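The structure file start_21.txt is reproduced below (compact mmCIF, C-alpha atoms).
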```
# COMPACT_ATOMS: atom_id res chain seq x y z
CA MET A 1 86.71 68.01 107.36
CA THR A 2 88.61 67.70 110.62
CA LYS A 3 92.13 69.11 110.88
CA ARG A 4 93.44 65.56 111.05
CA LYS A 5 91.73 64.61 107.78
CA ILE A 6 92.89 67.83 106.13
CA PHE A 7 96.53 67.20 107.07
CA LYS A 8 96.20 63.58 105.96
CA SER A 9 94.83 64.67 102.56
CA LEU A 10 97.58 67.25 102.15
CA GLY A 11 100.19 64.68 103.03
CA LEU A 12 98.80 62.25 100.47
CA ALA A 13 98.75 64.96 97.79
CA LEU A 14 102.34 65.91 98.58
CA ALA A 15 103.42 62.28 98.45
CA LEU A 16 101.79 61.83 95.07
CA ALA A 17 103.38 65.00 93.78
CA MET A 18 106.81 63.79 94.85
CA THR A 19 106.41 60.30 93.43
CA GLY A 20 107.74 61.37 90.06
CA TRP A 21 110.97 62.54 91.62
CA SER A 22 111.37 59.48 93.81
CA ALA A 23 112.43 57.10 91.05
CA LEU A 24 115.26 59.46 90.14
CA ALA A 25 116.00 60.54 93.69
CA GLN A 26 116.42 56.96 94.91
CA THR A 27 119.68 56.75 92.94
CA PRO A 28 121.30 60.15 93.61
CA ASN A 29 124.66 59.15 92.08
CA LYS A 30 123.16 57.64 88.95
CA PRO A 31 123.46 60.06 86.00
CA VAL A 32 120.70 60.77 83.55
CA ARG A 33 121.60 59.78 80.00
CA ILE A 34 120.36 61.46 76.84
CA ILE A 35 120.62 58.93 74.02
CA VAL A 36 121.19 60.47 70.58
CA ALA A 37 120.76 58.05 67.68
CA PHE A 38 123.17 60.02 65.50
CA ALA A 39 126.91 60.62 65.41
CA ALA A 40 128.47 63.42 67.43
CA GLY A 41 128.56 66.81 65.78
CA GLY A 42 125.15 66.73 64.14
CA PRO A 43 122.20 69.02 64.94
CA VAL A 44 120.42 66.60 67.31
CA ASP A 45 123.68 65.96 69.15
CA ALA A 46 124.30 69.72 69.41
CA MET A 47 120.86 70.27 70.90
CA ALA A 48 121.32 67.45 73.39
CA ARG A 49 124.60 68.97 74.58
CA THR A 50 123.05 72.43 74.78
CA LEU A 51 120.25 71.15 77.02
CA ALA A 52 122.30 68.73 79.13
CA GLU A 53 123.64 71.30 81.59
CA PRO A 54 120.37 73.15 82.34
CA LEU A 55 118.53 69.83 82.48
CA GLY A 56 121.04 68.60 85.03
CA ARG A 57 120.46 71.68 87.16
CA ALA A 58 116.69 71.19 86.98
CA LEU A 59 116.99 67.53 88.00
CA GLY A 60 119.81 67.99 90.48
CA LYS A 61 121.75 65.24 88.70
CA THR A 62 124.58 64.82 86.23
CA VAL A 63 123.30 64.56 82.64
CA ILE A 64 125.48 62.98 79.97
CA VAL A 65 124.97 62.62 76.23
CA GLU A 66 125.63 59.25 74.61
CA ASN A 67 125.73 58.80 70.83
CA LYS A 68 124.30 55.52 69.55
CA PRO A 69 124.18 55.96 65.76
CA GLY A 70 123.15 53.36 63.21
CA ALA A 71 120.23 51.42 61.76
CA SER A 72 118.30 54.63 61.01
CA GLY A 73 117.83 55.34 64.72
CA ALA A 74 116.98 51.81 65.84
CA ILE A 75 120.22 51.31 67.79
CA GLY A 76 119.52 54.40 69.89
CA ALA A 77 115.88 53.47 70.36
CA ASN A 78 116.73 49.97 71.51
CA GLU A 79 119.36 51.32 73.92
CA VAL A 80 116.57 53.20 75.70
CA LEU A 81 114.26 50.20 75.75
CA LYS A 82 116.85 47.85 77.25
CA SER A 83 117.73 50.37 79.99
CA GLU A 84 115.99 50.55 83.34
CA ALA A 85 112.68 52.44 83.02
CA ASP A 86 113.34 54.73 85.95
CA GLY A 87 113.60 58.02 84.08
CA SER A 88 117.40 57.92 83.93
CA THR A 89 117.53 57.22 80.18
CA LEU A 90 116.00 59.70 77.74
CA TRP A 91 115.86 59.45 73.96
CA LEU A 92 116.22 62.75 72.07
CA THR A 93 115.22 62.04 68.50
CA SER A 94 114.24 63.85 65.35
CA VAL A 95 110.95 63.19 63.60
CA GLY A 96 112.52 60.64 61.24
CA ALA A 97 113.18 57.82 63.69
CA ALA A 98 109.94 58.54 65.54
CA ALA A 99 107.34 59.22 62.85
CA ILE A 100 108.81 58.21 59.47
CA ASN A 101 110.60 54.94 60.23
CA PRO A 102 107.35 53.05 60.98
CA ALA A 103 106.32 53.52 57.32
CA LEU A 104 109.78 52.82 55.88
CA PHE A 105 110.60 49.68 57.83
CA PRO A 106 107.84 47.02 57.98
CA LYS A 107 109.88 45.03 60.51
CA LEU A 108 111.01 47.93 62.68
CA SER A 109 112.48 46.67 65.96
CA TYR A 110 110.46 49.12 68.07
CA ASN A 111 106.89 50.41 68.14
CA MET A 112 106.64 54.11 68.96
CA GLN A 113 103.06 53.87 70.17
CA LYS A 114 103.60 50.86 72.44
CA ASP A 115 107.25 51.04 73.47
CA PHE A 116 107.76 54.74 74.13
CA ALA A 117 106.13 57.47 76.19
CA PRO A 118 106.43 61.07 74.95
CA VAL A 119 107.93 63.49 77.45
CA SER A 120 108.35 66.86 75.75
CA LEU A 121 109.19 68.54 72.49
CA ALA A 122 112.59 70.27 72.52
CA ALA A 123 112.48 72.29 69.31
CA ASN A 124 110.91 72.74 65.90
CA ASN A 125 113.08 72.78 62.77
CA VAL A 126 111.83 73.75 59.33
CA GLU A 127 113.58 72.89 56.09
CA VAL A 128 115.13 75.50 53.83
CA PHE A 129 115.99 74.79 50.19
CA VAL A 130 119.53 75.87 49.35
CA VAL A 131 121.68 76.01 46.23
CA ASN A 132 125.32 76.79 45.53
CA THR A 133 125.81 80.54 45.13
CA ASN A 134 127.16 79.88 41.62
CA ASN A 135 123.57 79.03 40.66
CA PRO A 136 121.91 82.05 38.99
CA ALA A 137 118.45 81.36 40.48
CA LYS A 138 117.44 83.95 43.07
CA ASP A 139 114.30 82.16 44.30
CA ALA A 140 112.36 78.92 43.88
CA VAL A 141 110.32 80.30 40.96
CA GLU A 142 113.47 80.87 38.91
CA LEU A 143 114.92 77.49 39.81
CA MET A 144 111.72 75.63 38.91
CA ALA A 145 111.56 77.47 35.60
CA ALA A 146 115.10 76.31 34.88
CA ALA A 147 114.23 72.77 35.96
CA LYS A 148 111.25 72.72 33.61
CA ALA A 149 113.40 73.92 30.70
CA LYS A 150 116.15 71.36 31.26
CA LYS A 151 116.19 68.19 29.16
CA GLU A 152 117.59 66.19 32.07
CA PRO A 153 116.11 66.33 35.58
CA MET A 154 117.92 68.45 38.15
CA ALA A 155 119.98 66.50 40.67
CA ILE A 156 118.72 67.28 44.18
CA ALA A 157 120.51 65.79 47.18
CA SER A 158 119.05 64.36 50.36
CA SER A 159 120.51 62.87 53.52
CA GLY A 160 119.00 59.48 52.65
CA LYS A 161 115.94 57.73 51.29
CA GLY A 162 112.90 58.50 53.41
CA SER A 163 114.64 61.34 55.24
CA ILE A 164 112.90 64.67 55.82
CA PRO A 165 114.94 66.31 53.00
CA HIS A 166 113.81 63.52 50.66
CA LEU A 167 110.17 63.88 51.66
CA ALA A 168 110.35 67.66 51.29
CA LEU A 169 111.67 67.11 47.75
CA LEU A 170 108.72 64.83 47.01
CA GLN A 171 106.35 67.53 48.26
CA LEU A 172 108.03 70.00 45.90
CA GLU A 173 107.76 67.60 42.96
CA TYR A 174 104.07 67.05 43.68
CA SER A 175 103.44 70.79 44.00
CA THR A 176 105.28 71.76 40.80
CA GLY A 177 104.61 68.72 38.66
CA ILE A 178 108.34 68.62 37.85
CA ASP A 179 110.28 65.40 38.32
CA MET A 180 113.79 65.78 39.71
CA LEU A 181 116.67 63.39 40.15
CA HIS A 182 116.85 62.38 43.79
CA VAL A 183 120.45 61.78 44.90
CA PRO A 184 120.43 60.15 48.38
CA TYR A 185 123.53 60.38 50.55
CA ASN A 186 124.48 58.63 53.75
CA GLY A 187 123.84 61.65 55.96
CA MET A 188 123.79 65.42 55.71
CA ALA A 189 127.55 66.11 55.65
CA PRO A 190 128.38 64.39 52.33
CA ALA A 191 125.27 65.88 50.72
CA LEU A 192 126.36 69.38 51.73
CA ASN A 193 129.92 68.73 50.56
CA ASP A 194 128.73 67.78 47.08
CA LEU A 195 126.35 70.74 46.97
CA LEU A 196 129.20 73.09 47.84
CA GLY A 197 131.33 71.33 45.24
CA GLY A 198 128.70 71.68 42.51
CA GLN A 199 128.00 67.96 42.04
CA VAL A 200 124.28 68.47 42.82
CA ILE A 201 121.99 71.46 42.28
CA GLY A 202 120.13 71.80 45.57
CA PHE A 203 119.32 70.38 48.97
CA PHE A 204 116.59 70.67 51.63
CA ALA A 205 118.20 71.06 55.06
CA ASP A 206 117.33 71.95 58.64
CA VAL A 207 117.94 75.68 59.05
CA PRO A 208 120.55 75.17 61.84
CA ALA A 209 122.54 72.81 59.61
CA VAL A 210 123.15 75.42 56.88
CA MET A 211 122.78 78.77 58.62
CA ALA A 212 126.55 79.35 58.74
CA GLN A 213 126.95 78.60 55.02
CA ILE A 214 124.04 80.87 54.12
CA LYS A 215 125.35 83.75 56.24
CA GLY A 216 128.88 83.10 54.94
CA GLY A 217 127.78 83.42 51.33
CA LYS A 218 128.52 79.82 50.36
CA LEU A 219 124.88 78.80 49.91
CA ARG A 220 121.79 80.70 48.79
CA ALA A 221 118.39 80.02 50.35
CA LEU A 222 115.59 79.91 47.76
CA GLY A 223 112.54 78.88 49.79
CA MET A 224 111.25 77.92 53.23
CA ALA A 225 109.28 74.68 53.58
CA SER A 226 107.01 76.17 56.22
CA LYS A 227 103.88 78.23 56.68
CA THR A 228 105.79 81.34 57.75
CA ARG A 229 109.14 82.92 57.03
CA HIS A 230 112.05 82.22 59.33
CA PRO A 231 113.01 85.02 61.75
CA LEU A 232 116.72 84.64 60.95
CA LEU A 233 116.06 84.57 57.19
CA PRO A 234 113.22 87.08 56.81
CA GLU A 235 114.04 87.81 53.19
CA VAL A 236 113.52 84.17 52.13
CA LYS A 237 109.94 83.57 51.01
CA THR A 238 108.03 80.41 51.83
CA PHE A 239 107.26 78.06 48.96
CA GLU A 240 103.58 78.89 49.33
CA GLU A 241 104.35 82.59 48.92
CA GLN A 242 106.05 81.65 45.66
CA GLY A 243 103.03 79.73 44.40
CA PHE A 244 104.01 76.20 45.46
CA LYS A 245 101.54 74.79 47.97
CA SER A 246 101.91 71.96 50.48
CA VAL A 247 105.70 72.12 50.79
CA ASP A 248 105.62 72.11 54.56
CA THR A 249 107.93 70.19 56.91
CA ASN A 250 108.85 70.21 60.58
CA ASN A 251 111.84 68.14 61.57
CA TRP A 252 111.05 68.44 65.26
CA TYR A 253 113.25 67.07 68.04
CA GLY A 254 111.55 65.47 71.03
CA PHE A 255 112.29 63.58 74.24
CA PHE A 256 110.89 60.09 74.83
CA VAL A 257 111.32 57.43 77.51
CA SER A 258 110.34 53.79 77.78
CA SER A 259 106.57 53.34 78.07
CA LYS A 260 107.26 51.34 81.25
CA THR A 261 108.33 54.56 83.00
CA ALA A 262 105.97 55.65 85.79
CA PRO A 263 103.62 58.46 84.69
CA ASP A 264 104.68 60.64 87.62
CA THR A 265 108.31 60.25 86.60
CA VAL A 266 107.37 61.33 83.07
CA LYS A 267 105.69 64.41 84.53
CA ALA A 268 108.76 65.21 86.62
CA LEU A 269 111.01 64.88 83.59
CA ASN A 270 108.64 67.08 81.63
CA ARG A 271 108.91 69.83 84.24
CA ALA A 272 112.70 69.62 84.15
CA ILE A 273 112.81 69.77 80.33
CA GLN A 274 110.47 72.77 80.39
CA GLN A 275 112.99 74.51 82.66
CA ALA A 276 115.95 73.48 80.50
CA VAL A 277 114.40 74.74 77.25
CA ALA A 278 113.46 78.02 78.97
CA ASP A 279 117.00 78.49 80.32
CA PRO A 280 118.14 81.87 78.90
CA ALA A 281 121.56 80.70 77.71
CA ALA A 282 120.34 77.43 76.18
CA ASN A 283 117.29 79.10 74.63
CA ALA A 284 119.42 81.84 73.07
CA LYS A 285 121.92 79.33 71.67
CA MET A 286 119.18 77.25 70.05
CA THR A 287 117.43 80.33 68.65
CA GLN A 288 120.66 81.73 67.20
CA SER A 289 121.31 78.40 65.47
CA GLY A 290 118.00 78.68 63.63
CA ALA A 291 115.97 76.24 65.72
CA GLU A 292 112.72 77.20 67.45
CA PRO A 293 113.04 76.14 71.09
CA LYS A 294 109.73 74.79 72.31
CA ALA A 295 108.75 72.51 75.18
CA THR A 296 105.33 70.86 75.34
CA SER A 297 103.28 68.61 77.53
CA PRO A 298 103.63 64.84 76.95
CA GLU A 299 100.13 64.87 75.48
CA GLU A 300 101.01 67.56 72.96
CA LEU A 301 104.08 65.70 71.78
CA GLY A 302 102.02 62.51 71.54
CA ALA A 303 99.50 64.29 69.32
CA MET A 304 102.30 65.61 67.08
CA LEU A 305 103.77 62.13 66.80
CA ALA A 306 100.42 60.62 65.81
CA ALA A 307 99.67 63.34 63.24
CA ASP A 308 103.11 63.19 61.61
CA THR A 309 103.17 59.39 61.58
CA GLU A 310 99.95 59.46 59.56
CA LYS A 311 101.08 62.38 57.36
CA TRP A 312 104.40 60.88 56.32
CA ALA A 313 103.00 57.34 55.99
CA ARG A 314 100.59 58.63 53.33
CA LEU A 315 103.44 60.15 51.32
CA VAL A 316 105.72 57.13 51.72
CA LYS A 317 102.94 54.82 50.55
CA ALA A 318 101.83 57.07 47.68
CA ARG A 319 105.38 57.28 46.30
CA ASN A 320 106.24 53.67 47.14
CA ILE A 321 109.36 54.64 49.07
CA THR A 322 111.37 51.82 50.58
CA ALA A 323 114.42 52.02 52.80
CA ASP A 324 117.76 50.90 51.44
```
Encoded form (C-alpha cells):
Amino acid sequence: MTKRKIFKSLGLALALAMTGWSALAQTPNKPVRIIVAFAAGGPVDAMARTLAEPLGRALGKTVIVENKPGASGAIGANEVLKSEADGSTLWLTSVGAAAINPALFPKLSYNMQKDFAPVSLAANNVEVFVVNTNNPAKDAVELMAAAKAKKEPMAIASSGKGSIPHLALLQLEYSTGIDMLHVPYNGMAPALNDLLGGQVIGFFADVPAVMAQIKGGKLRALGMASKTRHPLLPEVKTFEEQGFKSVDTNNWYGFFVSSKTAPDTVKALNRAIQQAVADPAANAKMTQSGAEPKATSPEELGAMLAADTEKWARLVKARNITAD
C-alpha cells in the first residue's frame, strides 16, 4: 500500500473507533441519566449511585440517577424507550424486570429482545435465606426438619409474587418436597420488617440487603442459594452442601439502552462501564456490601438475559404463577 492509502485507512479506522463517542460528544452539556425502576434507597438505586461518579469520569459527562418506580419495572423501562436513543439514557435493572417479567405479564409493555440492547453487567447478587435470631434453627437442615414436623406450613416472606425471593422459595420447595406458606409483600422493606418482628419465619434476600442485619446479630443466615459460599459469609453453607439441590439464583444487575442506539455508542458505553466497575473506590464499596462487581461485554449480558429468561419462564409456567 502507498503511504497515502495507509494514512487514509488509518483515518477511517480512527473515525470508526470514535463514532461511538460522537453521539454523546455532540451534546457536551447533556447529562447521562441512569434510570432505576425502583424507589430510592434500595439496592439497585445504591449501586446506580455508587457507579454514577466513576461513570461520569469515564464519559467526561455529568451522570445523574433518576428513580422511576412502579408497574414492576415497566415505568422505568418505558422511560428509557421514549428517550432519545443517543446513549444518554441508561437503564440499570435487576433480573426481575428484564428476565422474569416477560413470563409474568403476557401483555408486558416492552419486549426485552426487541426493544433493548444489552450494554454490560454491573454486578451479581446471590440470595441468602435468613431467619430471625429467635429461631432455634442453625442451618437449613434444621429448619426444614422443623417445617416437615409442623402441622401448618411455615410462613416464608417474599418481596412480591414472581420476585427472585419468591422463585428461590419455589426452588427450595421443589428440592425438599415441603410446601410452605408464601407470604408476598409489596417490596423488600416490609418483608424484612415482619421477619424482624417475628410475623414470618424466613426470607430469601439479596446479600447486600441483609448484610448489616446479619452482622448486627438481628438475622441468622441459614443457606446460600448459589453454587459457592459467599466470601463475606464463609461460614454459611450453600443449600447444595446441605443436601438441597437446584436452589440457585442470581439477581444480577445490568445496564441496557434502547435497541435503536448505534452499536458503536453501545461499545463506547460498555468501555465506560467497564472502567466504572473497576474503579477502586466503587468496586470496594460494592464488594463490602456483599455484591460481586462484574462488568461484561454486551454479548455476554445478552446471553445471560436469554438463559435466565428461559430458566425462570419454565418455573413460572410449571408453578402457574401469575402477577397480582
For a cutoff of 6 Å around the file-coordinate point (124.8, 56.5, 69.9), which residues qualify once you count only C-alpha atoms? I'd like the result as a CSV table (one decimal) with C-alpha atoms, in the frame of the given file.
```csv
chain,number,residue,atom,x,y,z
A,36,VAL,CA,121.2,60.5,70.6
A,37,ALA,CA,120.8,58.0,67.7
A,38,PHE,CA,123.2,60.0,65.5
A,66,GLU,CA,125.6,59.2,74.6
A,67,ASN,CA,125.7,58.8,70.8
A,68,LYS,CA,124.3,55.5,69.6
A,69,PRO,CA,124.2,56.0,65.8
A,76,GLY,CA,119.5,54.4,69.9
```
* **Nearby residues (only C-alpha atoms) at most 9 Å from Val247 (chain A), same-chain spacing under 4 positions excluded, as a list in words** => Ala168, Leu169, Leu170, Gln171, Leu172, Tyr174, Ser175, Met224, Ala225, Ser226, Lys227, Thr238, Phe239 and Glu240 of chain A
Let me see the file: selected residues, C-alpha atoms, as a PDB file, in the coordinates of the input.
```pdb
ATOM      1  CA  ALA A 168     110.350  67.660  51.290  1.00  0.00           C
ATOM      2  CA  LEU A 169     111.670  67.110  47.750  1.00  0.00           C
ATOM      3  CA  LEU A 170     108.720  64.830  47.010  1.00  0.00           C
ATOM      4  CA  GLN A 171     106.350  67.530  48.260  1.00  0.00           C
ATOM      5  CA  LEU A 172     108.030  70.000  45.900  1.00  0.00           C
ATOM      6  CA  TYR A 174     104.070  67.050  43.680  1.00  0.00           C
ATOM      7  CA  SER A 175     103.440  70.790  44.000  1.00  0.00           C
ATOM      8  CA  MET A 224     111.250  77.920  53.230  1.00  0.00           C
ATOM      9  CA  ALA A 225     109.280  74.680  53.580  1.00  0.00           C
ATOM     10  CA  SER A 226     107.010  76.170  56.220  1.00  0.00           C
ATOM     11  CA  LYS A 227     103.880  78.230  56.680  1.00  0.00           C
ATOM     12  CA  THR A 238     108.030  80.410  51.830  1.00  0.00           C
ATOM     13  CA  PHE A 239     107.260  78.060  48.960  1.00  0.00           C
ATOM     14  CA  GLU A 240     103.580  78.890  49.330  1.00  0.00           C
TER      15      GLU A 240
END
```
* Asked: Of the residues A:Val126, A:Leu196, A:Val141, A:Ala313, which is the one nearest to Pro102 (chain A), using only C-alpha atoms?
  ->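 Smallest separation from Pro102 (chain A) among the options: A:Ala313.
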* Point-to-point distance from CA of Phe129 (chain A) to CA of Gly223 (chain A), Å rounded to tenths -> 5.4 Å
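Note that CA of Thr261 (chain A) and CA of Ile34 (chain A) are 15.2 Å apart.
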* Take the point (115.3, 53.9, 67.3) in the file's coordinates, draw a sphere of radius 12 Å around it, and report as a VMD selection string every protein, DNA or RNA residue with an atom inside or on it, counting all atoms listed in the file. => chain A and resid 35 to 38 68 to 82 90 to 102 105 108 to 112 115 to 116 256 to 258
Write the selection just made, keeping C-alpha atoms, as a PDB file, in the frame of the given file?
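Ended up saving to part-v5.pdb:
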```pdb
ATOM      1  CA  ILE A  35     120.620  58.930  74.020  1.00  0.00           C
ATOM      2  CA  VAL A  36     121.190  60.470  70.580  1.00  0.00           C
ATOM      3  CA  ALA A  37     120.760  58.050  67.680  1.00  0.00           C
ATOM      4  CA  PHE A  38     123.170  60.020  65.500  1.00  0.00           C
ATOM      5  CA  LYS A  68     124.300  55.520  69.550  1.00  0.00           C
ATOM      6  CA  PRO A  69     124.180  55.960  65.760  1.00  0.00           C
ATOM      7  CA  GLY A  70     123.150  53.360  63.210  1.00  0.00           C
ATOM      8  CA  ALA A  71     120.230  51.420  61.760  1.00  0.00           C
ATOM      9  CA  SER A  72     118.300  54.630  61.010  1.00  0.00           C
ATOM     10  CA  GLY A  73     117.830  55.340  64.720  1.00  0.00           C
ATOM     11  CA  ALA A  74     116.980  51.810  65.840  1.00  0.00           C
ATOM     12  CA  ILE A  75     120.220  51.310  67.790  1.00  0.00           C
ATOM     13  CA  GLY A  76     119.520  54.400  69.890  1.00  0.00           C
ATOM     14  CA  ALA A  77     115.880  53.470  70.360  1.00  0.00           C
ATOM     15  CA  ASN A  78     116.730  49.970  71.510  1.00  0.00           C
ATOM     16  CA  GLU A  79     119.360  51.320  73.920  1.00  0.00           C
ATOM     17  CA  VAL A  80     116.570  53.200  75.700  1.00  0.00           C
ATOM     18  CA  LEU A  81     114.260  50.200  75.750  1.00  0.00           C
ATOM     19  CA  LYS A  82     116.850  47.850  77.250  1.00  0.00           C
ATOM     20  CA  LEU A  90     116.000  59.700  77.740  1.00  0.00           C
ATOM     21  CA  TRP A  91     115.860  59.450  73.960  1.00  0.00           C
ATOM     22  CA  LEU A  92     116.220  62.750  72.070  1.00  0.00           C
ATOM     23  CA  THR A  93     115.220  62.040  68.500  1.00  0.00           C
ATOM     24  CA  SER A  94     114.240  63.850  65.350  1.00  0.00           C
ATOM     25  CA  VAL A  95     110.950  63.190  63.600  1.00  0.00           C
ATOM     26  CA  GLY A  96     112.520  60.640  61.240  1.00  0.00           C
ATOM     27  CA  ALA A  97     113.180  57.820  63.690  1.00  0.00           C
ATOM     28  CA  ALA A  98     109.940  58.540  65.540  1.00  0.00           C
ATOM     29  CA  ALA A  99     107.340  59.220  62.850  1.00  0.00           C
ATOM     30  CA  ILE A 100     108.810  58.210  59.470  1.00  0.00           C
ATOM     31  CA  ASN A 101     110.600  54.940  60.230  1.00  0.00           C
ATOM     32  CA  PRO A 102     107.350  53.050  60.980  1.00  0.00           C
ATOM     33  CA  PHE A 105     110.600  49.680  57.830  1.00  0.00           C
ATOM     34  CA  LEU A 108     111.010  47.930  62.680  1.00  0.00           C
ATOM     35  CA  SER A 109     112.480  46.670  65.960  1.00  0.00           C
ATOM     36  CA  TYR A 110     110.460  49.120  68.070  1.00  0.00           C
ATOM     37  CA  ASN A 111     106.890  50.410  68.140  1.00  0.00           C
ATOM     38  CA  MET A 112     106.640  54.110  68.960  1.00  0.00           C
ATOM     39  CA  ASP A 115     107.250  51.040  73.470  1.00  0.00           C
ATOM     40  CA  PHE A 116     107.760  54.740  74.130  1.00  0.00           C
ATOM     41  CA  PHE A 256     110.890  60.090  74.830  1.00  0.00           C
ATOM     42  CA  VAL A 257     111.320  57.430  77.510  1.00  0.00           C
ATOM     43  CA  SER A 258     110.340  53.790  77.780  1.00  0.00           C
TER      44      SER A 258
END
```
